[in-house]
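Everything on this sheet refers to the single structure shown next.
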Amino acid sequence: MTNMITEYHRPQTLEEALTLLARPNTYPLGGGTLLNRPSVERFSVVDLQALGLNKINKSGNNPSTPFVPRTTAARRCETAGSGQRLEIGATATLQALLDSEHIPPALQETIRLETTYNLRQVATVAGTLVSADGRSPFATVMLALDAKCTVFSNQYSVISLGDLLPLRTETLLGKLITKIEIPLNVKLAFETVARTPRDKPIVCAALAQWPSGRTRLVIGGWGKSPTLAMDGSEASGVEASARNAAQDAADEWASAEYRSDVAATLAKRCLELLR
């Protein structure tokens, strides 16, 4: 198999990009890590680099307040000031996001686990999320953060990552993600179990908690996308929620029973990090 890109386009506006993407067998090109894989399909690509969708900005209260680790043990569990959000351009690279001073260590860890240094230089945030499966550490944490995606198709609309992932192909038909927003006023923890320290997870857990007490738990490691195990007003029941989320998670990597037990343990560890 060889690369079968037949046409290359570089639009200067979103409207021009959407017109091109309406053509059959035409796909957006961000970093190109997915489209550059060997394929027998003939297709055209629309390069999004000229659209200025690669900015990363913090908005909200106290924009100058950085993340400050509270303890050494809490490297994967951090809090930021209230009301802050991070706006991530769709074509910002994973490395650019990793280099941002505003993201918590738990998110940094998942970006490092997601792919190699070289691929992080070109892989885009939106492209990584849209192509993610259930073993994606990055998608697991972004789902726990209840990330919001701004989508453009003649007008702008906002859709949660949780609503986007299950029907991503249909939802994004004739549309473009322009940015992703995550809250910075949350505590965040991530734990993972894999065959090797650099391997994709067999089971992973991400736990986010808002100042209001709202708590979201996401379990990953199998399937087409990570699983939202819990979105409640408080943290009670995270272990049971994790166990239930993995009750049908059997595949060639692990049994459902194993994953249920490990998911509960990882959820407990995450909760301990938040306290």
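Labeling convention for the structure tokens: chains A, B, ... as they appear, residues from 1 per chain, ligands from 1 in order of appearance.
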- prompt: Quick one: DSSP helix (DSSP H, G or I) residues in region 12-221 of chain A, as a ChimeraX atom specification?
  reply: /A:14-21,49-51,72-74,94-99,105-114,117-120,125-130,137-144,161-171
Could you please take those selected residues and save C-alpha atoms as a PDB file, in the first residue's frame?
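Written file, out_18.pdb:
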ATOM      1  CA  LEU A  14     -12.921  28.658   6.776  1.00  0.00           C
ATOM      2  CA  GLU A  15     -15.616  29.063   4.130  1.00  0.00           C
ATOM      3  CA  GLU A  16     -13.203  28.023   1.397  1.00  0.00           C
ATOM      4  CA  ALA A  17     -12.116  25.034   3.468  1.00  0.00           C
ATOM      5  CA  LEU A  18     -15.717  23.884   3.959  1.00  0.00           C
ATOM      6  CA  THR A  19     -16.436  24.213   0.236  1.00  0.00           C
ATOM      7  CA  LEU A  20     -13.476  21.969  -0.517  1.00  0.00           C
ATOM      8  CA  LEU A  21     -14.386  19.479   2.202  1.00  0.00           C
ATOM      9  CA  GLN A  49      -2.375  25.527   8.350  1.00  0.00           C
ATOM     10  CA  ALA A  50      -3.241  28.926   6.842  1.00  0.00           C
ATOM     11  CA  LEU A  51      -6.456  29.318   8.864  1.00  0.00           C
ATOM     12  CA  THR A  72       5.512  16.418  45.150  1.00  0.00           C
ATOM     13  CA  ALA A  73       2.975  13.598  45.490  1.00  0.00           C
ATOM     14  CA  ALA A  74       0.368  15.663  43.679  1.00  0.00           C
ATOM     15  CA  LEU A  94       0.283  18.134  20.925  1.00  0.00           C
ATOM     16  CA  GLN A  95       3.790  19.408  21.623  1.00  0.00           C
ATOM     17  CA  ALA A  96       2.584  23.023  21.690  1.00  0.00           C
ATOM     18  CA  LEU A  97      -0.083  22.052  24.209  1.00  0.00           C
ATOM     19  CA  LEU A  98       2.455  20.106  26.247  1.00  0.00           C
ATOM     20  CA  ASP A  99       4.725  23.156  26.288  1.00  0.00           C
ATOM     21  CA  PRO A 105       0.735  17.704  35.076  1.00  0.00           C
ATOM     22  CA  ALA A 106      -1.976  15.051  34.634  1.00  0.00           C
ATOM     23  CA  LEU A 107      -2.685  16.371  31.153  1.00  0.00           C
ATOM     24  CA  GLN A 108       1.038  16.684  30.423  1.00  0.00           C
ATOM     25  CA  GLU A 109       1.498  13.037  31.330  1.00  0.00           C
ATOM     26  CA  THR A 110      -1.215  11.853  28.964  1.00  0.00           C
ATOM     27  CA  ILE A 111       0.224  13.849  26.059  1.00  0.00           C
ATOM     28  CA  ARG A 112       3.603  12.180  26.598  1.00  0.00           C
ATOM     29  CA  LEU A 113       1.919   8.775  26.729  1.00  0.00           C
ATOM     30  CA  GLU A 114      -0.190   9.462  23.643  1.00  0.00           C
ATOM     31  CA  TYR A 117       8.195  13.205  20.620  1.00  0.00           C
ATOM     32  CA  ASN A 118       8.532  13.351  16.836  1.00  0.00           C
ATOM     33  CA  LEU A 119       4.828  12.753  16.217  1.00  0.00           C
ATOM     34  CA  ARG A 120       3.860  15.294  18.872  1.00  0.00           C
ATOM     35  CA  VAL A 125      -5.100  18.356  19.142  1.00  0.00           C
ATOM     36  CA  ALA A 126      -8.334  18.081  17.147  1.00  0.00           C
ATOM     37  CA  GLY A 127      -6.956  15.383  14.869  1.00  0.00           C
ATOM     38  CA  THR A 128      -5.780  13.333  17.826  1.00  0.00           C
ATOM     39  CA  LEU A 129      -9.190  13.529  19.497  1.00  0.00           C
ATOM     40  CA  VAL A 130     -11.164  12.748  16.346  1.00  0.00           C
ATOM     41  CA  PRO A 137      -4.777   8.585  27.435  1.00  0.00           C
ATOM     42  CA  PHE A 138      -5.232  12.086  25.994  1.00  0.00           C
ATOM     43  CA  ALA A 139      -8.862  11.539  25.010  1.00  0.00           C
ATOM     44  CA  THR A 140      -9.550   9.949  28.398  1.00  0.00           C
ATOM     45  CA  VAL A 141      -8.404  13.036  30.289  1.00  0.00           C
ATOM     46  CA  MET A 142     -10.024  15.483  27.869  1.00  0.00           C
ATOM     47  CA  LEU A 143     -13.317  13.645  28.302  1.00  0.00           C
ATOM     48  CA  ALA A 144     -12.956  13.814  32.084  1.00  0.00           C
ATOM     49  CA  LEU A 161     -16.404  15.882  23.420  1.00  0.00           C
ATOM     50  CA  GLY A 162     -18.584  13.246  25.069  1.00  0.00           C
ATOM     51  CA  ASP A 163     -21.332  13.836  22.508  1.00  0.00           C
ATOM     52  CA  LEU A 164     -18.885  14.100  19.615  1.00  0.00           C
ATOM     53  CA  LEU A 165     -16.842  10.921  20.012  1.00  0.00           C
ATOM     54  CA  PRO A 166     -19.574   8.262  19.585  1.00  0.00           C
ATOM     55  CA  LEU A 167     -20.807   9.779  16.290  1.00  0.00           C
ATOM     56  CA  ARG A 168     -17.740  11.719  15.202  1.00  0.00           C
ATOM     57  CA  THR A 169     -17.892  10.800  11.505  1.00  0.00           C
ATOM     58  CA  GLU A 170     -21.537  11.770  11.096  1.00  0.00           C
ATOM     59  CA  THR A 171     -21.307  14.822  13.365  1.00  0.00           C
TER      60      THR A 171
END
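Atom to atom, CA of Ser236 (chain A) and CA of Ala206 (chain A) stand 15.3 Å apart.
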task: For each of A:Arg216, A:Lys200, A:Arg10, A:Lys55, take the minimum atom-to-atom distance to Thr115 (chain A), counting only C-alpha atoms, then give the residue where this is smallest.
output: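 Closest candidate: A:Lys200.
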task: Identify all residues of region 15-262 of chain A in strand (DSSP E or B) (DSSP on the backbone) and supply them as an MDAnalysis selection string.
output: chainID A and resid 26:29 39 43:47 56:59 78 85:89 93 124 148:153 155:160 176:183 187:193 203:209 215:220 227:232
field: Best match for closeness to Arg275 (chain A) among A:Ala245, A:Ile56, A:Ile177, A:Ala235, counting only C-alpha atoms
entry: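 Of the candidates, the smallest distance to Arg275 (chain A) is held by A:Ala235.
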- prompt: What gap, in Å, lies between CA of Ala256 (chain A) and CA of Gln209 (chain A)?
  reply: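 Between these atoms lies a distance of 26.7 Å.
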- request: List the neighbours of region 210-213 of chain A out to 8 Å using only C-alpha atoms; skip same-chain residues closer than 2 positions along the sequence, and give me the result as a ChimeraX atom specification.
  value: /A:82,185-187,208,215,233-235
- request: Write out as a list of chain:residue names each polymer residue whose atoms come within 7 Å of region 262-264 of chain A, counting only C-alpha atoms; drop sequence neighbours fewer than 2 positions from it.
  value: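 These residues fall inside the cut-off: A:Val203, A:Cys204, A:Ala205, A:Ile219, A:Glu239, A:Ala240, A:Ala242, A:Arg243, A:Tyr258, A:Arg259, A:Ser260, A:Leu266, A:Ala267, A:Lys268.
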- request: Between A:Met4, A:Ala194, A:Leu176, A:Leu53, single out the one closest to Arg135 (chain A), counting only C-alpha atoms.
  value: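 Once distances to Arg135 (chain A) are computed over only C-alpha atoms, the minimum belongs to A:Ala194.
For the pair CA of Leu207 (chain A) and CA of Val122 (chain A), the interatomic distance is 27.9 Å.
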query: Nearest to Ala254 (chain A): which of A:Pro11, A:Gly60, A:Pro201, A:Pro28 is it, counting only C-alpha atoms?
result: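 Answer, going by the shortest atom-to-atom distance: A:Pro201.
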